[in-house]
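Engineer: Let me begin by handing over the structure; questions about it come next.
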Amino acid sequence: MASNIYATKCPCCGRSAIEDYYYKTGEQYTYCMRCGYNYSKTIEKCTTECLEYKEEKNDGNGVVVLEKKDGSRKKILLDSAVTDEQLENDKTSFLADNIDQNKSYLVLFRDGVFTVLLGNPPEKFYLSFEEYKEKMFAKYGVPDYDFMVPIEE
Ligand SMILES: [Zn+2]
C-alpha cells in the first residue's frame, strides 16, 4: 500500500499523534497513543466520476499499553464508551505475571487532563507536539518535507 506515515499534532490533546496517509486513494488514519483519539477517512464508494468517503472520529479517553515479558505489545485506545468495568479489567491485565509493568502503562484522558493510573509512560509521552517535533528534528535532521515528522514512542 502506498502510504506516508508520520507524526502530527493531535487535534484532541495537542501532543504527537500518528497519521497514515494513503496518497493514491486519499484515505487517512490518524490515531493518538497519548490520549486515544482516532480518526479514519476511508473510501465508501468508488465510481468512475467520484469517490465517496466515510469519516469516523472518536475523541480520546486514554490509552492502555501492555508489554508482555516476551516483548509483544497490546495497545488499546480508550474512547468515550469506556466503562469502569473495562478499566478494572485493564488494571487486572496490567498486574498479571506475564506483563512487564515497567514498560506498560494505563493513562486516562478526561476533560483535557491526563491521569496516569498505572505504570510509566515514556518520556516523550508528556511533550507537546511542538516540543516533540523539535526533538525529532534535532535527532534525525529536518526532513525534505517538513511535515514528515519521525515517529517515536
Ligand atoms: Zn491526543
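Residues in the C-alpha cells are numbered from 1 in each chain, the chains being A, B, ... in the order shown, and ligands are numbered from 1 in the order shown.
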What's the 10 Å shell around Pro121 (chain A), counting only C-alpha atoms, without same-chain residues fewer than 5 positions away, as a PyMOL selection string?

Structural biologist: chain A and resi 34+64-65+102-107+116+126+153

Engineer: Kindly assemble as CSV a list of the chain A residues that lie within 7 Å of ligand 1, each paired with its nearest atom pair and their distance in Å to one decimal, using only C-alpha atoms and all ligand atoms, sorted first by chain and then by ascending residue number.

Structural biologist:
```
residue,atom,partner,partner_atom_place_in_ligand_line,distance
A:Cys10,CA,ligand 1,1 (Zn),4.6
A:Pro11,CA,ligand 1,1 (Zn),6.6
A:Cys12,CA,ligand 1,1 (Zn),4.9
A:Cys13,CA,ligand 1,1 (Zn),4.1
A:Gly14,CA,ligand 1,1 (Zn),6.0
A:Arg15,CA,ligand 1,1 (Zn),5.6
A:Ser16,CA,ligand 1,1 (Zn),6.8
A:Ala17,CA,ligand 1,1 (Zn),6.0
A:Cys32,CA,ligand 1,1 (Zn),4.6
A:Met33,CA,ligand 1,1 (Zn),6.8
A:Arg34,CA,ligand 1,1 (Zn),5.1
A:Cys35,CA,ligand 1,1 (Zn),4.1
A:Gly36,CA,ligand 1,1 (Zn),5.9
A:Tyr37,CA,ligand 1,1 (Zn),5.3
A:Gly60,CA,ligand 1,1 (Zn),6.5
```

Engineer: I need the residues from that last selection saved to file as an mmCIF file, in the first residue's frame (with N, CA and C atoms), if you can.

Structural biologist:
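Contents of again.cif, as written:
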```cif
data_model
loop_
_atom_site.group_PDB
_atom_site.id
_atom_site.type_symbol
_atom_site.label_atom_id
_atom_site.label_comp_id
_atom_site.auth_asym_id
_atom_site.auth_seq_id
_atom_site.Cartn_x
_atom_site.Cartn_y
_atom_site.Cartn_z
ATOM 1 N N CYS A 10 -1.966 16.173 17.532
ATOM 2 C CA CYS A 10 -3.274 15.593 17.845
ATOM 3 C C CYS A 10 -4.298 16.704 18.052
ATOM 4 N N PRO A 11 -5.406 16.683 17.302
ATOM 5 C CA PRO A 11 -6.420 17.730 17.471
ATOM 6 C C PRO A 11 -7.152 17.642 18.807
ATOM 7 N N CYS A 12 -6.973 16.530 19.494
ATOM 8 C CA CYS A 12 -7.683 16.333 20.759
ATOM 9 C C CYS A 12 -6.843 16.790 21.952
ATOM 10 N N CYS A 13 -5.557 16.376 22.019
ATOM 11 C CA CYS A 13 -4.746 16.695 23.205
ATOM 12 C C CYS A 13 -3.544 17.590 22.905
ATOM 13 N N GLY A 14 -3.191 17.789 21.617
ATOM 14 C CA GLY A 14 -2.079 18.666 21.278
ATOM 15 C C GLY A 14 -0.709 18.023 21.364
ATOM 16 N N ARG A 15 -0.665 16.743 21.731
ATOM 17 C CA ARG A 15 0.620 16.031 21.745
ATOM 18 C C ARG A 15 0.795 15.344 20.396
ATOM 19 N N SER A 16 1.803 14.459 20.275
ATOM 20 C CA SER A 16 2.066 13.891 18.950
ATOM 21 C C SER A 16 1.195 12.666 18.675
ATOM 22 N N ALA A 17 0.490 12.720 17.560
ATOM 23 C CA ALA A 17 -0.328 11.602 17.107
ATOM 24 C C ALA A 17 0.326 11.020 15.850
ATOM 25 N N CYS A 32 -3.910 8.638 18.162
ATOM 26 C CA CYS A 32 -3.031 9.240 19.156
ATOM 27 C C CYS A 32 -2.776 8.232 20.267
ATOM 28 N N MET A 33 -1.481 7.882 20.438
ATOM 29 C CA MET A 33 -1.120 6.955 21.510
ATOM 30 C C MET A 33 -0.904 7.689 22.831
ATOM 31 N N ARG A 34 -1.278 8.976 22.891
ATOM 32 C CA ARG A 34 -1.213 9.722 24.153
ATOM 33 C C ARG A 34 -2.614 9.764 24.778
ATOM 34 N N CYS A 35 -3.594 10.242 23.975
ATOM 35 C CA CYS A 35 -4.935 10.428 24.559
ATOM 36 C C CYS A 35 -5.973 9.434 24.050
ATOM 37 N N GLY A 36 -5.647 8.712 22.960
ATOM 38 C CA GLY A 36 -6.593 7.720 22.451
ATOM 39 C C GLY A 36 -7.472 8.207 21.307
ATOM 40 N N TYR A 37 -7.290 9.454 20.876
ATOM 41 C CA TYR A 37 -8.055 9.995 19.745
ATOM 42 C C TYR A 37 -7.840 9.141 18.496
ATOM 43 N N GLY A 60 -10.404 10.990 22.308
ATOM 44 C CA GLY A 60 -9.691 10.080 23.177
ATOM 45 C C GLY A 60 -10.122 10.167 24.628
#
```

Engineer: Between A:Thr30, A:Leu78, A:Pro122, A:Pro150, which has the minimum distance to Lys135 (chain A) (counting only C-alpha atoms)?

Structural biologist: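 The closest residue to Lys135 (chain A) is A:Pro150.
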
Engineer: Using Å and a single decimal, report how far CA of Val149 (chain A) sits from CA of Thr8 (chain A).

Structural biologist: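 Interatomic distance here is 7.1 Å.
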
Engineer: Please provide as an MDAnalysis selection string all residues within 9 Å of Asn98 (chain A), with the sequence filter that same-chain residues fewer than 5 positions apart are discarded (counting only C-alpha atoms).

Structural biologist: chainID A and resid 67:70

Engineer: Convert the current residue selection to file output with C-alpha atoms, as a PDB file, in the first residue's frame.

Structural biologist:
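Result went into result08.pdb, see below:
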```
ATOM      1  CA  GLU A  67       4.019  -5.061  27.131  1.00  0.00           C
ATOM      2  CA  LYS A  68       4.498  -8.725  27.838  1.00  0.00           C
ATOM      3  CA  LYS A  69       7.778 -10.093  29.131  1.00  0.00           C
ATOM      4  CA  ASP A  70       8.306 -11.742  25.715  1.00  0.00           C
TER       5      ASP A  70
END
```

Engineer: Need the shell around Ala2 (chain A): protein/DNA/RNA residues with any atom at most 9 Å away, counting only C-alpha atoms. Skip same-chain ones fewer than 5 positions apart. Format as a PDB file with N, CA and C atoms, in the first residue's frame?

Structural biologist:
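And here's out_10.pdb as it stands now:
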```pdb
ATOM      1  N   TYR A  21      -1.257   8.280   5.779  1.00  0.00           N
ATOM      2  CA  TYR A  21      -1.988   8.872   4.662  1.00  0.00           C
ATOM      3  C   TYR A  21      -1.705   8.108   3.374  1.00  0.00           C
ATOM      4  N   TYR A  22      -2.747   7.624   2.750  1.00  0.00           N
ATOM      5  CA  TYR A  22      -2.621   6.871   1.503  1.00  0.00           C
ATOM      6  C   TYR A  22      -2.812   7.825   0.342  1.00  0.00           C
ATOM      7  N   TYR A  23      -1.690   8.274  -0.226  1.00  0.00           N
ATOM      8  CA  TYR A  23      -1.783   9.362  -1.190  1.00  0.00           C
ATOM      9  C   TYR A  23      -2.416   8.964  -2.514  1.00  0.00           C
ATOM     10  N   LYS A  24      -2.480   7.684  -2.822  1.00  0.00           N
ATOM     11  CA  LYS A  24      -3.133   7.296  -4.076  1.00  0.00           C
ATOM     12  C   LYS A  24      -4.650   7.307  -3.958  1.00  0.00           C
ATOM     13  N   THR A  25      -5.147   6.968  -2.778  1.00  0.00           N
ATOM     14  CA  THR A  25      -6.596   6.868  -2.620  1.00  0.00           C
ATOM     15  C   THR A  25      -7.177   8.013  -1.798  1.00  0.00           C
TER      16      THR A  25
END
```

Engineer: Could you please write out, as a PyMOL selection string, every residue of region 20-141 of chain A that DSSP assigns to strand (DSSP E or B)?

Structural biologist: chain A and resi 20-22+27-31+38-46+51-58+62-68+73-78+99+105-110+113-119

Engineer: Please write the residues from the selection above to a file, keeping C-alpha atoms, as a PDB file, in the first residue's frame.

Structural biologist:
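Output saved as out15.pdb:
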```pdb
ATOM      1  CA  ASP A  20      -1.068   7.302   7.990  1.00  0.00           C
ATOM      2  CA  TYR A  21      -1.988   8.872   4.662  1.00  0.00           C
ATOM      3  CA  TYR A  22      -2.621   6.871   1.503  1.00  0.00           C
ATOM      4  CA  GLU A  27      -7.593   7.550   2.633  1.00  0.00           C
ATOM      5  CA  GLN A  28      -6.293   8.560   6.017  1.00  0.00           C
ATOM      6  CA  TYR A  29      -5.964   7.143   9.501  1.00  0.00           C
ATOM      7  CA  THR A  30      -4.956   9.252  12.480  1.00  0.00           C
ATOM      8  CA  TYR A  31      -4.550   7.914  15.970  1.00  0.00           C
ATOM      9  CA  ASN A  38      -8.681   8.267  16.448  1.00  0.00           C
ATOM     10  CA  TYR A  39      -9.948   9.297  13.056  1.00  0.00           C
ATOM     11  CA  SER A  40     -10.383   7.467   9.807  1.00  0.00           C
ATOM     12  CA  LYS A  41     -11.345   8.544   6.327  1.00  0.00           C
ATOM     13  CA  THR A  42     -11.937   5.620   4.046  1.00  0.00           C
ATOM     14  CA  ILE A  43     -13.491   5.101   0.640  1.00  0.00           C
ATOM     15  CA  GLU A  44     -17.128   4.227   0.925  1.00  0.00           C
ATOM     16  CA  LYS A  45     -17.982   4.063  -2.740  1.00  0.00           C
ATOM     17  CA  CYS A  46     -15.874   4.287  -5.837  1.00  0.00           C
ATOM     18  CA  LEU A  51     -15.101   8.939  -4.771  1.00  0.00           C
ATOM     19  CA  GLU A  52     -17.227   8.954  -1.696  1.00  0.00           C
ATOM     20  CA  TYR A  53     -15.526   8.853   1.649  1.00  0.00           C
ATOM     21  CA  LYS A  54     -16.696   7.754   5.024  1.00  0.00           C
ATOM     22  CA  GLU A  55     -15.322   9.549   8.083  1.00  0.00           C
ATOM     23  CA  GLU A  56     -15.233   8.299  11.632  1.00  0.00           C
ATOM     24  CA  LYS A  57     -13.892  10.129  14.646  1.00  0.00           C
ATOM     25  CA  ASN A  58     -13.546   9.254  18.324  1.00  0.00           C
ATOM     26  CA  GLY A  62      -6.942   7.446  27.339  1.00  0.00           C
ATOM     27  CA  VAL A  63      -4.673   4.589  26.339  1.00  0.00           C
ATOM     28  CA  VAL A  64      -3.602   1.231  27.671  1.00  0.00           C
ATOM     29  CA  VAL A  65      -0.247  -0.211  26.616  1.00  0.00           C
ATOM     30  CA  LEU A  66       0.590  -3.661  27.905  1.00  0.00           C
ATOM     31  CA  GLU A  67       4.019  -5.061  27.131  1.00  0.00           C
ATOM     32  CA  LYS A  68       4.498  -8.725  27.838  1.00  0.00           C
ATOM     33  CA  ARG A  73       2.643  -5.483  22.981  1.00  0.00           C
ATOM     34  CA  LYS A  74      -1.014  -4.780  23.148  1.00  0.00           C
ATOM     35  CA  LYS A  75      -2.242  -1.226  22.663  1.00  0.00           C
ATOM     36  CA  ILE A  76      -5.778  -0.135  23.382  1.00  0.00           C
ATOM     37  CA  LEU A  77      -7.237   3.280  22.592  1.00  0.00           C
ATOM     38  CA  LEU A  78      -9.956   4.169  25.067  1.00  0.00           C
ATOM     39  CA  ILE A  99       3.319  -8.308  31.904  1.00  0.00           C
ATOM     40  CA  TYR A 105       1.029   1.968  31.299  1.00  0.00           C
ATOM     41  CA  LEU A 106      -2.589   2.884  31.734  1.00  0.00           C
ATOM     42  CA  VAL A 107      -3.484   6.531  31.252  1.00  0.00           C
ATOM     43  CA  LEU A 108      -6.848   8.257  31.331  1.00  0.00           C
ATOM     44  CA  PHE A 109      -7.605  11.446  29.412  1.00  0.00           C
ATOM     45  CA  ARG A 110     -10.696  13.283  30.555  1.00  0.00           C
ATOM     46  CA  VAL A 113      -6.457  16.248  31.756  1.00  0.00           C
ATOM     47  CA  PHE A 114      -4.104  13.271  31.668  1.00  0.00           C
ATOM     48  CA  THR A 115      -4.086  10.929  34.672  1.00  0.00           C
ATOM     49  CA  VAL A 116      -1.546   8.121  34.875  1.00  0.00           C
ATOM     50  CA  LEU A 117      -3.372   5.311  36.666  1.00  0.00           C
ATOM     51  CA  LEU A 118      -0.639   2.705  36.439  1.00  0.00           C
ATOM     52  CA  GLY A 119       2.860   2.275  35.043  1.00  0.00           C
TER      53      GLY A 119
END
```

Engineer: So which one's closest to Glu152 (chain A), A:Asn4, A:Asp59, A:Tyr132, A:Gln101? Using only C-alpha atoms, please.

Structural biologist: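 Using only C-alpha atoms, Glu152 (chain A) sits closest to A:Tyr132.
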
Engineer: Could you pull out the alpha helix (DSSP H) residues of chain A, going by DSSP on the backbone, and write them as a list in words?

Structural biologist: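 Residues meeting the alpha helix (DSSP H) criterion: Asp84, Glu85, Gln86, Leu87, Glu88, Asn89, Asp90, Lys91, Thr92, Ser93, Phe94, Phe129, Glu130, Glu131, Tyr132, Lys133, Glu134, Lys135, Met136, Phe137, Ala138, Lys139 and Tyr140 of chain A.
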
Engineer: For each of A:Gly71, A:Tyr6, A:Lys124, A:Asn61, take the minimum atom-to-atom distance to Leu87 (chain A), counting only C-alpha atoms, then give the residue where this is smallest.

Structural biologist: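 Residue with the minimum atom-to-atom distance to Leu87 (chain A): A:Asn61.
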
Engineer: Take CA of Glu130 (chain A) and CA of Asp79 (chain A) and report the distance between them in Å, one decimal.

Structural biologist: 24.7 Å
